[in-house]
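Here's run_10.txt, which has compact mmCIF, C-alpha atoms and all ligand atoms:
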# COMPACT_ATOMS: atom_id res chain seq x y z
CA MET A 1 0.00 0.00 0.00
CA LYS A 2 1.22 3.46 -0.86
CA ASN A 3 1.28 6.20 1.74
CA ILE A 4 -1.41 8.69 0.70
CA SER A 5 -1.86 10.45 4.04
CA ARG A 6 -1.39 13.97 2.66
CA SER A 7 -3.95 13.34 -0.10
CA THR A 8 -6.38 11.94 2.44
CA ALA A 9 -5.95 14.94 4.73
CA LEU A 10 -6.42 17.37 1.82
CA PHE A 11 -9.57 15.55 0.77
CA GLU A 12 -10.99 15.87 4.30
CA ARG A 13 -10.30 19.63 4.20
CA ALA A 14 -11.65 19.93 0.65
CA LYS A 15 -14.95 18.31 1.57
CA GLN A 16 -15.61 21.08 4.10
CA PHE A 17 -15.57 23.82 1.49
CA ILE A 18 -15.93 22.27 -1.99
CA PRO A 19 -18.98 20.19 -2.95
CA GLY A 20 -17.82 16.57 -2.77
CA GLY A 21 -14.27 17.86 -2.28
CA VAL A 22 -13.61 18.22 -6.02
CA ASN A 23 -14.18 20.83 -8.70
CA SER A 24 -15.33 18.30 -11.29
CA PRO A 25 -17.21 15.10 -10.37
CA VAL A 26 -15.12 12.72 -12.50
CA ARG A 27 -12.10 13.46 -10.29
CA ALA A 28 -13.72 11.88 -7.25
CA PHE A 29 -13.11 8.17 -6.79
CA LYS A 30 -16.78 7.50 -6.05
CA ALA A 31 -17.14 4.87 -8.77
CA VAL A 32 -14.00 2.96 -7.80
CA GLY A 33 -13.86 3.42 -4.04
CA GLY A 34 -11.25 5.17 -1.93
CA ASN A 35 -10.25 8.83 -1.89
CA PRO A 36 -8.94 10.87 -4.82
CA LEU A 37 -5.23 11.60 -5.00
CA PHE A 38 -4.12 15.21 -4.85
CA ILE A 39 -1.56 15.86 -7.54
CA LYS A 40 1.35 18.16 -6.88
CA LYS A 41 3.20 18.10 -10.18
CA ALA A 42 3.73 16.17 -13.38
CA LYS A 43 6.48 15.76 -15.93
CA GLY A 44 6.46 13.79 -19.17
CA ALA A 45 4.59 10.51 -18.66
CA TYR A 46 4.44 10.78 -14.86
CA LEU A 47 2.20 12.29 -12.20
CA TYR A 48 3.40 12.92 -8.63
CA ASP A 49 0.94 13.15 -5.77
CA GLU A 50 1.26 15.22 -2.59
CA ASP A 51 2.84 12.25 -0.81
CA GLY A 52 5.53 11.95 -3.47
CA ASN A 53 4.17 8.79 -5.15
CA GLU A 54 4.83 8.44 -8.88
CA TYR A 55 2.24 7.25 -11.40
CA VAL A 56 2.27 6.60 -15.14
CA ASP A 57 -0.50 8.93 -16.31
CA LEU A 58 -3.14 7.45 -18.63
CA ILE A 59 -5.59 10.33 -18.15
CA ASN A 60 -3.36 13.15 -19.30
CA SER A 61 -5.75 15.78 -17.99
CA TRP A 62 -8.57 13.96 -19.87
CA GLY A 63 -6.79 14.43 -23.16
CA PRO A 64 -4.95 17.75 -23.46
CA MET A 65 -1.45 16.58 -22.49
CA ILE A 66 -0.84 14.68 -25.74
CA LEU A 67 2.85 15.66 -25.69
CA GLY A 68 3.25 14.66 -22.06
CA HIS A 69 3.31 16.96 -19.04
CA ALA A 70 5.22 20.25 -18.82
CA TYR A 71 6.28 20.08 -22.44
CA PRO A 72 9.12 22.63 -22.78
CA ALA A 73 7.79 24.50 -25.87
CA VAL A 74 4.36 24.95 -24.26
CA GLU A 75 5.85 26.00 -20.93
CA GLU A 76 8.12 28.53 -22.60
CA ALA A 77 5.24 30.04 -24.64
CA VAL A 78 3.09 30.52 -21.54
CA ARG A 79 5.95 32.11 -19.62
CA GLU A 80 6.55 34.56 -22.44
CA ALA A 81 2.84 35.50 -22.63
CA LEU A 82 2.62 35.93 -18.86
CA SER A 83 5.41 38.48 -18.84
CA CYS A 84 3.32 40.73 -21.13
CA SER A 85 0.28 40.64 -18.75
CA PRO A 86 -2.14 37.73 -18.73
CA SER A 87 -5.18 39.48 -20.21
CA PHE A 88 -6.22 42.64 -22.06
CA GLY A 89 -9.84 42.16 -23.16
CA ALA A 90 -8.82 43.46 -26.59
CA PRO A 91 -7.83 41.65 -29.81
CA THR A 92 -4.35 40.14 -30.06
CA ALA A 93 -2.12 38.78 -32.82
CA ARG A 94 -2.10 35.33 -31.23
CA GLU A 95 -5.86 34.99 -31.76
CA VAL A 96 -5.44 35.61 -35.48
CA GLU A 97 -2.62 33.11 -35.66
CA MET A 98 -4.70 30.57 -33.72
CA ALA A 99 -7.73 30.98 -36.01
CA GLU A 100 -5.56 30.62 -39.13
CA LEU A 101 -3.86 27.55 -37.70
CA ILE A 102 -7.12 25.81 -36.75
CA CYS A 103 -8.66 26.52 -40.17
CA SER A 104 -5.54 25.18 -41.89
CA MET A 105 -5.53 21.96 -39.86
CA ILE A 106 -9.30 21.28 -40.01
CA PRO A 107 -10.54 22.08 -43.53
CA SER A 108 -14.28 22.03 -42.64
CA VAL A 109 -13.60 24.93 -40.27
CA GLU A 110 -13.61 28.13 -42.33
CA LYS A 111 -14.18 30.51 -39.42
CA VAL A 112 -13.74 29.90 -35.73
CA ARG A 113 -14.63 31.56 -32.42
CA MET A 114 -12.54 30.95 -29.29
CA VAL A 115 -14.27 30.29 -25.96
CA ASN A 116 -13.08 29.09 -22.53
CA SER A 117 -14.18 25.46 -22.31
CA GLY A 118 -15.62 22.56 -24.26
CA THR A 119 -18.95 23.17 -22.54
CA GLU A 120 -19.05 26.73 -23.83
CA ALA A 121 -18.16 25.52 -27.31
CA THR A 122 -21.03 23.04 -27.56
CA MET A 123 -23.56 25.37 -25.92
CA SER A 124 -22.63 28.08 -28.39
CA ALA A 125 -22.64 25.72 -31.37
CA ILE A 126 -26.23 24.61 -30.80
CA ARG A 127 -27.35 28.20 -30.23
CA VAL A 128 -25.80 29.12 -33.56
CA ALA A 129 -27.39 26.11 -35.26
CA ARG A 130 -30.78 27.09 -33.83
CA GLY A 131 -30.40 30.73 -34.79
CA PHE A 132 -29.21 29.82 -38.26
CA THR A 133 -31.97 27.30 -39.02
CA GLY A 134 -34.78 28.96 -37.04
CA ARG A 135 -35.54 25.53 -35.49
CA ASP A 136 -35.55 24.47 -31.81
CA LYS A 137 -34.86 20.76 -31.45
CA ILE A 138 -31.55 18.96 -31.39
CA ILE A 139 -30.64 15.30 -31.66
CA LYS A 140 -27.93 13.81 -29.47
CA MET A 141 -26.73 10.24 -29.06
CA GLU A 142 -27.26 8.30 -25.83
CA GLY A 143 -24.02 8.15 -23.86
CA CYS A 144 -22.34 11.04 -25.67
CA TYR A 145 -21.14 13.85 -23.40
CA HIS A 146 -21.02 17.42 -24.62
CA GLY A 147 -20.20 19.28 -21.43
CA HIS A 148 -22.66 20.30 -18.73
CA GLY A 149 -24.95 22.62 -20.71
CA ASP A 150 -28.63 22.04 -19.88
CA SER A 151 -29.50 20.76 -23.35
CA PHE A 152 -26.90 18.01 -23.16
CA LEU A 153 -27.58 16.54 -19.71
CA ILE A 154 -29.90 14.01 -21.22
CA SER A 155 -28.41 10.53 -21.50
CA ALA A 156 -25.03 12.14 -21.02
CA GLY A 157 -22.36 9.47 -20.58
CA SER A 158 -19.31 9.29 -18.26
CA GLY A 159 -19.76 11.65 -15.29
CA ALA A 160 -23.54 11.51 -15.28
CA LEU A 161 -23.46 7.80 -16.14
CA THR A 162 -20.96 6.94 -13.43
CA PHE A 163 -23.10 8.60 -10.78
CA GLY A 164 -26.35 7.21 -12.07
CA TYR A 165 -28.46 10.28 -12.63
CA PRO A 166 -28.47 10.77 -16.37
CA ASP A 167 -31.07 13.53 -16.20
CA SER A 168 -29.82 16.16 -13.80
CA PRO A 169 -32.18 18.00 -11.46
CA GLY A 170 -32.21 21.66 -12.45
CA VAL A 171 -32.65 21.04 -16.16
CA THR A 172 -36.11 22.32 -17.08
CA LYS A 173 -38.67 20.07 -18.75
CA GLY A 174 -38.87 22.50 -21.64
CA THR A 175 -35.15 22.23 -22.30
CA ALA A 176 -35.23 18.45 -21.96
CA LEU A 177 -38.11 18.23 -24.44
CA ASP A 178 -36.03 19.97 -27.10
CA THR A 179 -33.29 17.32 -26.87
CA LEU A 180 -34.14 14.11 -28.70
CA THR A 181 -31.91 11.10 -28.17
CA VAL A 182 -31.12 8.00 -30.20
CA PRO A 183 -28.67 5.14 -29.66
CA PHE A 184 -25.18 5.66 -31.07
CA ASN A 185 -24.40 3.70 -34.25
CA ASP A 186 -28.10 3.36 -35.19
CA LEU A 187 -28.76 5.18 -38.47
CA ASN A 188 -32.31 3.86 -38.74
CA ALA A 189 -33.28 5.45 -35.43
CA VAL A 190 -32.00 8.82 -36.68
CA GLU A 191 -33.93 8.52 -39.94
CA LEU A 192 -37.17 7.74 -38.10
CA LEU A 193 -36.67 10.59 -35.63
CA VAL A 194 -35.94 13.10 -38.38
CA GLU A 195 -39.03 11.96 -40.29
CA LYS A 196 -41.22 12.29 -37.19
CA ASN A 197 -39.91 15.79 -36.47
CA ALA A 198 -39.68 17.03 -40.03
CA GLY A 199 -38.61 20.67 -40.28
CA GLN A 200 -38.04 21.01 -36.52
CA ILE A 201 -34.50 19.80 -36.01
CA ALA A 202 -31.78 22.43 -35.88
CA ALA A 203 -28.77 20.25 -35.20
CA LEU A 204 -27.49 16.76 -34.74
CA ILE A 205 -24.51 16.63 -32.40
CA LEU A 206 -22.27 13.68 -31.62
CA GLU A 207 -18.78 12.60 -30.67
CA PRO A 208 -17.65 11.09 -34.00
CA VAL A 209 -15.57 8.65 -31.97
CA VAL A 210 -17.14 8.46 -28.53
CA GLY A 211 -14.86 8.84 -25.56
CA ASN A 212 -17.41 9.54 -22.88
CA MET A 213 -19.05 6.14 -22.47
CA GLY A 214 -15.64 4.63 -22.83
CA CYS A 215 -14.13 4.51 -26.30
CA VAL A 216 -16.72 3.54 -28.93
CA PRO A 217 -15.85 3.86 -32.62
CA PRO A 218 -18.44 4.66 -35.29
CA ALA A 219 -19.66 1.67 -37.32
CA GLU A 220 -18.66 1.61 -40.96
CA GLY A 221 -20.78 4.07 -42.94
CA TYR A 222 -22.38 5.59 -39.82
CA LEU A 223 -20.83 9.05 -40.06
CA GLU A 224 -21.40 9.15 -43.84
CA GLY A 225 -25.03 8.16 -43.25
CA LEU A 226 -25.53 10.96 -40.72
CA ARG A 227 -23.95 13.41 -43.16
CA LYS A 228 -26.47 12.39 -45.84
CA ILE A 229 -29.49 12.65 -43.55
CA CYS A 230 -28.43 16.09 -42.28
CA SER A 231 -27.72 17.44 -45.77
CA LYS A 232 -31.07 16.21 -47.02
CA SER A 233 -33.06 17.71 -44.15
CA GLY A 234 -31.18 20.98 -43.63
CA ILE A 235 -29.90 19.88 -40.22
CA VAL A 236 -26.62 21.34 -38.97
CA LEU A 237 -24.27 18.40 -38.37
CA ILE A 238 -22.02 19.12 -35.39
CA PHE A 239 -19.00 16.96 -34.62
CA ASP A 240 -18.04 17.45 -31.01
CA GLU A 241 -14.29 16.97 -31.34
CA VAL A 242 -13.41 18.41 -27.94
CA MET A 243 -11.78 15.06 -27.19
CA THR A 244 -10.85 13.76 -30.65
CA GLY A 245 -9.68 17.04 -32.21
CA PHE A 246 -5.88 17.00 -32.77
CA ARG A 247 -5.80 13.62 -30.98
CA LEU A 248 -6.87 11.09 -33.60
CA SER A 249 -5.13 13.01 -36.38
CA GLN A 250 -4.11 16.59 -37.12
CA GLY A 251 -7.60 17.16 -38.45
CA GLY A 252 -9.40 15.08 -35.83
CA ALA A 253 -11.89 12.28 -36.36
CA GLN A 254 -13.35 14.03 -39.40
CA GLN A 255 -10.03 13.66 -41.20
CA LEU A 256 -9.63 10.06 -40.08
CA TYR A 257 -13.11 9.08 -41.35
CA ASN A 258 -13.23 11.62 -44.17
CA VAL A 259 -16.64 13.09 -43.30
CA LYS A 260 -17.13 16.86 -43.09
CA PRO A 261 -19.49 18.29 -40.46
CA ASP A 262 -21.04 21.76 -40.73
CA LEU A 263 -19.77 22.82 -37.31
CA THR A 264 -16.98 21.45 -35.12
CA THR A 265 -16.44 21.99 -31.42
CA LEU A 266 -12.96 21.85 -29.95
CA GLY A 267 -11.33 21.98 -26.52
CA LYS A 268 -8.84 20.02 -24.44
CA ILE A 269 -5.70 19.73 -26.68
CA ILE A 270 -6.39 23.12 -28.25
CA GLY A 271 -5.56 24.80 -24.94
CA GLY A 272 -2.36 22.88 -24.26
CA GLY A 273 -3.57 22.35 -20.69
CA LEU A 274 -5.10 25.80 -20.18
CA PRO A 275 -8.89 26.34 -20.18
CA VAL A 276 -9.85 26.78 -23.84
CA GLY A 277 -12.61 25.79 -26.24
CA ALA A 278 -13.56 26.77 -29.77
CA TYR A 279 -16.36 26.28 -32.25
CA GLY A 280 -16.20 26.81 -35.96
CA GLY A 281 -17.30 25.62 -39.34
CA LYS A 282 -18.95 26.80 -42.52
CA ARG A 283 -18.46 30.47 -43.26
CA GLU A 284 -22.14 31.17 -43.88
CA ILE A 285 -23.10 29.70 -40.51
CA MET A 286 -20.30 31.34 -38.52
CA ASP A 287 -21.05 34.71 -40.10
CA SER A 288 -24.35 34.69 -38.25
CA VAL A 289 -22.42 35.03 -34.95
CA SER A 290 -22.23 38.45 -33.27
CA PRO A 291 -20.86 41.00 -34.16
CA ALA A 292 -20.87 39.74 -37.79
CA GLY A 293 -24.47 38.54 -37.37
CA PRO A 294 -27.40 38.54 -34.91
CA ILE A 295 -26.63 35.43 -32.78
CA TYR A 296 -25.09 36.54 -29.51
CA GLN A 297 -22.10 34.85 -27.91
CA ALA A 298 -19.31 36.51 -25.93
CA GLY A 299 -16.55 35.98 -23.35
CA THR A 300 -14.49 38.30 -21.13
CA LEU A 301 -11.46 36.01 -21.19
CA SER A 302 -12.05 34.39 -24.61
CA GLY A 303 -8.85 34.22 -26.66
CA ASN A 304 -6.84 34.81 -23.47
CA PRO A 305 -3.16 35.44 -24.32
CA MET A 306 -1.73 32.71 -22.09
CA ALA A 307 -4.25 30.14 -23.26
CA MET A 308 -3.59 31.10 -26.89
CA ALA A 309 0.16 30.88 -26.34
CA ALA A 310 -0.12 27.37 -24.85
CA GLY A 311 -2.53 26.18 -27.54
CA LEU A 312 -0.48 27.66 -30.38
CA ALA A 313 2.71 26.01 -29.14
CA MET A 314 0.87 22.71 -28.88
CA LEU A 315 -0.83 22.85 -32.29
CA LYS A 316 2.29 24.08 -34.07
CA HIS A 317 4.24 21.19 -32.63
CA LEU A 318 1.59 18.73 -33.82
CA LYS A 319 1.42 20.32 -37.26
CA ASP A 320 5.20 20.30 -37.69
CA ASN A 321 5.54 16.71 -36.42
CA PRO A 322 2.88 14.68 -38.21
CA GLY A 323 4.83 11.51 -37.36
CA ILE A 324 3.64 11.90 -33.78
CA TYR A 325 0.31 10.26 -34.65
CA ASP A 326 1.98 7.16 -36.09
CA ALA A 327 4.15 6.97 -33.01
CA LEU A 328 1.14 7.29 -30.69
CA ASN A 329 -0.76 4.67 -32.66
CA GLY A 330 2.27 2.37 -32.51
CA THR A 331 2.45 2.72 -28.72
CA ALA A 332 -1.31 2.15 -28.44
CA ASN A 333 -1.14 -0.98 -30.61
CA PHE A 334 1.78 -2.32 -28.60
CA ILE A 335 -0.03 -1.80 -25.28
CA ILE A 336 -3.33 -3.17 -26.55
CA GLN A 337 -1.70 -6.30 -27.97
CA GLY A 338 0.02 -6.78 -24.63
CA LEU A 339 -3.26 -6.39 -22.76
CA GLN A 340 -5.15 -8.63 -25.18
CA LYS A 341 -2.77 -11.52 -24.53
CA GLN A 342 -3.49 -11.42 -20.81
CA ILE A 343 -7.22 -11.23 -21.26
CA SER A 344 -7.24 -14.52 -23.08
CA LYS A 345 -4.95 -15.95 -20.40
CA TYR A 346 -7.32 -15.11 -17.56
CA ARG A 347 -10.53 -16.03 -19.39
CA LEU A 348 -12.09 -12.77 -18.30
CA SER A 349 -15.19 -11.30 -19.86
CA CYS A 350 -13.67 -8.20 -21.28
CA SER A 351 -12.95 -6.50 -24.56
CA ILE A 352 -10.92 -3.53 -25.69
CA ASN A 353 -12.20 -0.73 -27.90
CA HIS A 354 -9.54 1.34 -29.55
CA VAL A 355 -9.14 4.20 -32.00
CA GLY A 356 -5.68 5.80 -32.32
CA SER A 357 -4.37 6.77 -28.89
CA MET A 358 -7.78 6.40 -27.18
CA PHE A 359 -8.87 3.06 -25.75
CA THR A 360 -11.06 1.43 -23.10
CA LEU A 361 -10.93 -1.99 -21.48
CA PHE A 362 -14.59 -2.90 -20.92
CA PHE A 363 -15.34 -5.64 -18.39
CA THR A 364 -18.14 -7.25 -20.40
CA ASP A 365 -18.48 -10.11 -22.85
CA LYS A 366 -20.64 -7.93 -25.11
CA LYS A 367 -19.15 -6.06 -28.02
CA VAL A 368 -19.49 -2.41 -26.97
CA ILE A 369 -21.08 -0.43 -29.81
CA ASP A 370 -23.40 1.92 -27.92
CA PHE A 371 -24.59 3.07 -24.49
CA ALA A 372 -26.70 -0.04 -23.80
CA SER A 373 -23.83 -2.44 -24.47
CA ALA A 374 -21.38 -0.22 -22.52
CA LYS A 375 -23.68 -0.44 -19.51
CA THR A 376 -23.40 -4.25 -19.41
CA SER A 377 -19.89 -3.75 -17.97
CA ASP A 378 -19.02 -5.11 -14.54
CA THR A 379 -18.16 -1.85 -12.77
CA VAL A 380 -17.30 -3.60 -9.50
CA LEU A 381 -14.63 -5.61 -11.30
CA PHE A 382 -13.42 -2.43 -12.99
CA GLY A 383 -13.12 -0.78 -9.56
CA LYS A 384 -10.88 -3.61 -8.38
CA TYR A 385 -8.77 -3.39 -11.52
CA PHE A 386 -8.45 0.38 -11.09
CA GLN A 387 -7.20 0.01 -7.49
CA ALA A 388 -4.83 -2.80 -8.44
CA MET A 389 -3.35 -0.67 -11.23
CA LEU A 390 -3.08 2.39 -8.98
CA SER A 391 -1.21 0.45 -6.32
CA ARG A 392 1.25 -0.53 -9.08
CA GLY A 393 1.74 3.09 -10.09
CA VAL A 394 -0.54 3.30 -13.12
CA TYR A 395 -3.19 6.01 -12.96
CA LEU A 396 -6.32 5.14 -14.95
CA ALA A 397 -9.47 7.23 -15.28
CA PRO A 398 -11.52 6.41 -12.15
CA SER A 399 -14.53 5.12 -14.11
CA GLN A 400 -15.30 2.26 -16.47
CA TYR A 401 -17.02 4.72 -18.80
CA GLU A 402 -13.97 6.72 -19.82
CA ALA A 403 -11.40 6.48 -22.56
CA LEU A 404 -7.74 6.26 -21.61
CA PHE A 405 -5.38 8.66 -23.37
CA LEU A 406 -1.77 8.08 -24.29
CA SER A 407 0.82 10.80 -24.50
CA ALA A 408 3.88 10.94 -26.70
CA ALA A 409 5.96 10.73 -23.51
CA ILE A 410 5.06 7.06 -23.09
CA ASP A 411 7.94 5.10 -24.58
CA LYS A 412 8.42 1.34 -24.96
CA THR A 413 9.83 0.92 -21.44
CA ILE A 414 6.83 2.69 -19.89
CA ALA A 415 4.46 0.76 -22.16
CA ASP A 416 6.01 -2.47 -20.89
CA ARG A 417 5.49 -1.26 -17.34
CA ILE A 418 1.78 -0.64 -18.07
CA ILE A 419 1.35 -4.10 -19.57
CA GLN A 420 3.09 -5.77 -16.65
CA ALA A 421 1.02 -3.81 -14.10
CA SER A 422 -2.13 -4.86 -15.94
CA ASN A 423 -1.01 -8.48 -16.02
CA GLU A 424 -0.44 -8.52 -12.27
CA SER A 425 -3.67 -6.62 -11.62
CA LEU A 426 -5.78 -9.06 -13.63
CA GLU A 427 -4.14 -11.93 -11.80
CA GLU A 428 -4.93 -10.27 -8.47
CA ILE A 429 -8.60 -9.53 -9.23
CA THR A 430 -9.37 -12.95 -10.73
CA LYS A 431 -7.86 -14.89 -7.82
C1 LIG A 501 -14.59 17.16 -22.21
C2 LIG A 501 -15.65 17.24 -23.22
C3 LIG A 501 -16.55 18.31 -23.28
C4 LIG A 501 -16.59 19.38 -22.22
O1 LIG A 501 -15.44 20.16 -22.18
P1 LIG A 501 -15.13 20.99 -20.83
O2 LIG A 501 -13.90 21.76 -21.17
O3 LIG A 501 -14.98 20.00 -19.75
O4 LIG A 501 -16.29 21.89 -20.59
C5 LIG A 501 -17.43 18.37 -24.32
N1 LIG A 501 -17.45 17.41 -25.27
C6 LIG A 501 -16.62 16.36 -25.23
C7 LIG A 501 -16.68 15.34 -26.32
C8 LIG A 501 -15.71 16.23 -24.21
O5 LIG A 501 -14.92 15.16 -24.16

Just dump the structure as structure tokens.
Amino acid sequence: MKNISRSTALFERAKQFIPGGVNSPVRAFKAVGGNPLFIKKAKGAYLYDEDGNEYVDLINSWGPMILGHAYPAVEEAVREALSCSPSFGAPTAREVEMAELICSMIPSVEKVRMVNSGTEATMSAIRVARGFTGRDKIIKMEGCYHGHGDSFLISAGSGALTFGYPDSPGVTKGTALDTLTVPFNDLNAVELLVEKNAGQIAALILEPVVGNMGCVPPAEGYLEGLRKICSKSGIVLIFDEVMTGFRLSQGGAQQLYNVKPDLTTLGKIIGGGLPVGAYGGKREIMDSVSPAGPIYQAGTLSGNPMAMAAGLAMLKHLKDNPGIYDALNGTANFIIQGLQKQISKYRLSCSINHVGSMFTLFFTDKKVIDFASAKTSDTVLFGKYFQAMLSRGVYLAPSQYEALFLSAAIDKTIADRIIQASNESLEEITK
């Protein structure tokens, strides 16, 4: 057992003054038991908690730290921006550079607006879709998470799923009624819903590769099918690439699957670890956003110099080093093959879903293709696996319904360490 006394003491203090002791529910260890670790610092592939324990990090801040922690170019850029004052509330050159860079890396994005989080990005994107189409309803997929905006807390995956109240109190009935849901990977269901609500649907939003019910890839032809339905019915197709953007390829999932949405939402990697989001897409839609058009959306700290500096350093590095994605995929394949071998050895009911450097080990014998199949997972067994991995110095997301993220800082030696920890953990929990 590791000594985690400082973390435990901090958690006791935190609970007095912060709801549940954490500033985002997924950080609590409620789904896996025990108390959350308080992290003091991180470098490269490793996290260090307040008690000085070292962990291989497979969360990577839920995605952003794709280059590993405290990457020198990002750190340097932030330091430089800080020395010129952290915020002005006026336009800056970095924002122009950022917009140009995003549009060059994601061709479906012709104009882009910076915001401060993924939640803000998706909330703004559906407002724009509604304003642009003059329609009220949106379609979302069961188990997809799009941040904590009211319209999205309906069948909302990970956090909400882990804690078992998919429909949050505080979301009005009216708002809930405007969000229609269908299972992921079910084109027929979308077709029927669109037919039934002809002329009323403003937008269809989804994670093109789901990360928030665990990693679930789109079935062959699914994204193309959605594109066709939306084009035919004048529905704004929104790819929420807050997680997948700049992770699955330079141009996100849309480049990987070669399907162009009308709007794209971004976050996580785009901020290099600072709080940033963005939404963008077709010129004619984005030109309806204030002050170019009538749809209002604003932000005091939007395009913040430090956040732009971190994001620019990150994106430039990814753009200039396209080989990074092959390397990440290679590491992912190596780890997954290593894990797969053990699974067959222990005759466990589990399967691995995997796209690029995102993957999830589901403790179920079902093939996980949607929310219903994800929910067949044995979360008690996952909790044991999580604790066994943690005690061996590997930090997984504390929920079955999350994707794990690799960083470029994970080399072959560290990958071997992950595989060995998993091997021992599976042995321990199947005893
Ligand atoms: C994380 C996430 C969000 C929310 O972003 P925040 O910055 O946490 O508000 C939205 N959509 C997806 C797909 C995400 O993974």

**Request:** May I have the residues within 8 Å of ligand LIG 501 (chain A), computed using all atoms listed in the file, as number ranges by chain?
**Result:** A: 62, 116-122, 144-148, 206-207, 210-212, 240-244, 265-268, 275-277

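Using only C-alpha atoms, the residues found no farther than 10 Å from A:Lys2, other than those of its own chain fewer than 5 positions away, are A:Asp51, A:Gly52, A:Asn53, A:Leu390, A:Ser391, A:Arg392, A:Gly393.
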
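Nearest residue to A:Gly251, choosing from A:His354, A:Ser108, A:Thr413, A:Leu192 and counting all atoms listed in the file: A:Ser108.
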
**Asked** What is the distance, in Å and to one decimal place, between atom CA of A:Phe239 and atom CA of A:Ala253?
**Response** 8.7 Å

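Atom CA of A:Asp378 sits 20.8 Å away from atom CA of A:Ile59.
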
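The point (-12.9, -3.2, -15.2) has these residues within 8 Å of it, counting all atoms listed in the file: Cys350, Leu361, Phe362, Phe363, Ser377, Asp378, Thr379, Val380, Leu381, Phe382, Gly383, Lys384, Tyr385, Phe386 and Gln400 of chain A.
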
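Proximity ranking of A:Ser7, A:Ile343, A:Asp57, A:Ile201 relative to A:Gly131 places A:Ile201 first, based on all atoms listed in the file.
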
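Considering all atoms listed in the file, the residue among A:Ile39, A:Ala93, A:Val32, A:Ile419 positioned nearest to A:Leu10 is A:Ile39.
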
**Prompt:** Please, which residues are within 12 Å of (-12.4, 18.7, -2.4) by the file's coordinates, counting all atoms listed in the file, and could they come as a PyMOL selection string?
**Reply:** chain A and resi 7-25+27-29+35-38

**Message:** So that I can check the surroundings of A:Ala70, please list as number ranges by chain every protein, DNA and RNA residue that reaches within 8 Å of it, counting all atoms listed in the file and ignoring chain neighbours fewer than 6 positions away.
**Reply:** A: 42-44

Where atoms are lacking, stretch 22-32 of chain A completed to N, CA, C and O atoms, as a compact mmCIF listing (two decimals), in the coordinates of the input:
# COMPACT_ATOMS: atom_id res chain seq x y z
N VAL A 22 -14.26 18.11 -4.70
CA VAL A 22 -13.61 18.22 -6.02
C VAL A 22 -14.30 19.28 -6.87
O VAL A 22 -15.48 19.57 -6.67
N ASN A 23 -13.59 19.83 -7.83
CA ASN A 23 -14.18 20.83 -8.70
C ASN A 23 -14.72 20.26 -10.00
O ASN A 23 -15.20 21.00 -10.87
N SER A 24 -14.65 18.97 -10.19
CA SER A 24 -15.33 18.30 -11.29
C SER A 24 -15.58 16.85 -10.85
O SER A 24 -14.65 16.20 -10.36
N PRO A 25 -16.84 16.38 -10.99
CA PRO A 25 -17.21 15.10 -10.37
C PRO A 25 -16.35 13.92 -10.79
O PRO A 25 -16.10 13.02 -9.98
N VAL A 26 -15.87 13.88 -12.04
CA VAL A 26 -15.12 12.72 -12.50
C VAL A 26 -13.79 12.55 -11.77
O VAL A 26 -13.16 11.51 -11.86
N ARG A 27 -13.36 13.57 -11.02
CA ARG A 27 -12.10 13.46 -10.29
C ARG A 27 -12.25 12.69 -8.99
O ARG A 27 -11.27 12.21 -8.43
N ALA A 28 -13.48 12.63 -8.48
CA ALA A 28 -13.72 11.88 -7.25
C ALA A 28 -13.57 10.40 -7.57
O ALA A 28 -13.71 9.99 -8.71
N PHE A 29 -13.28 9.61 -6.57
CA PHE A 29 -13.11 8.17 -6.79
C PHE A 29 -14.38 7.42 -6.42
O PHE A 29 -14.33 6.25 -6.06
N LYS A 30 -15.53 8.10 -6.50
CA LYS A 30 -16.78 7.50 -6.05
C LYS A 30 -17.08 6.17 -6.72
O LYS A 30 -17.59 5.25 -6.11
N ALA A 31 -16.77 6.08 -8.03
CA ALA A 31 -17.14 4.87 -8.77
C ALA A 31 -16.18 3.72 -8.52
O ALA A 31 -16.49 2.58 -8.84
N VAL A 32 -15.00 4.01 -7.97
CA VAL A 32 -14.00 2.96 -7.80
C VAL A 32 -13.62 2.74 -6.34
O VAL A 32 -12.83 1.86 -6.02
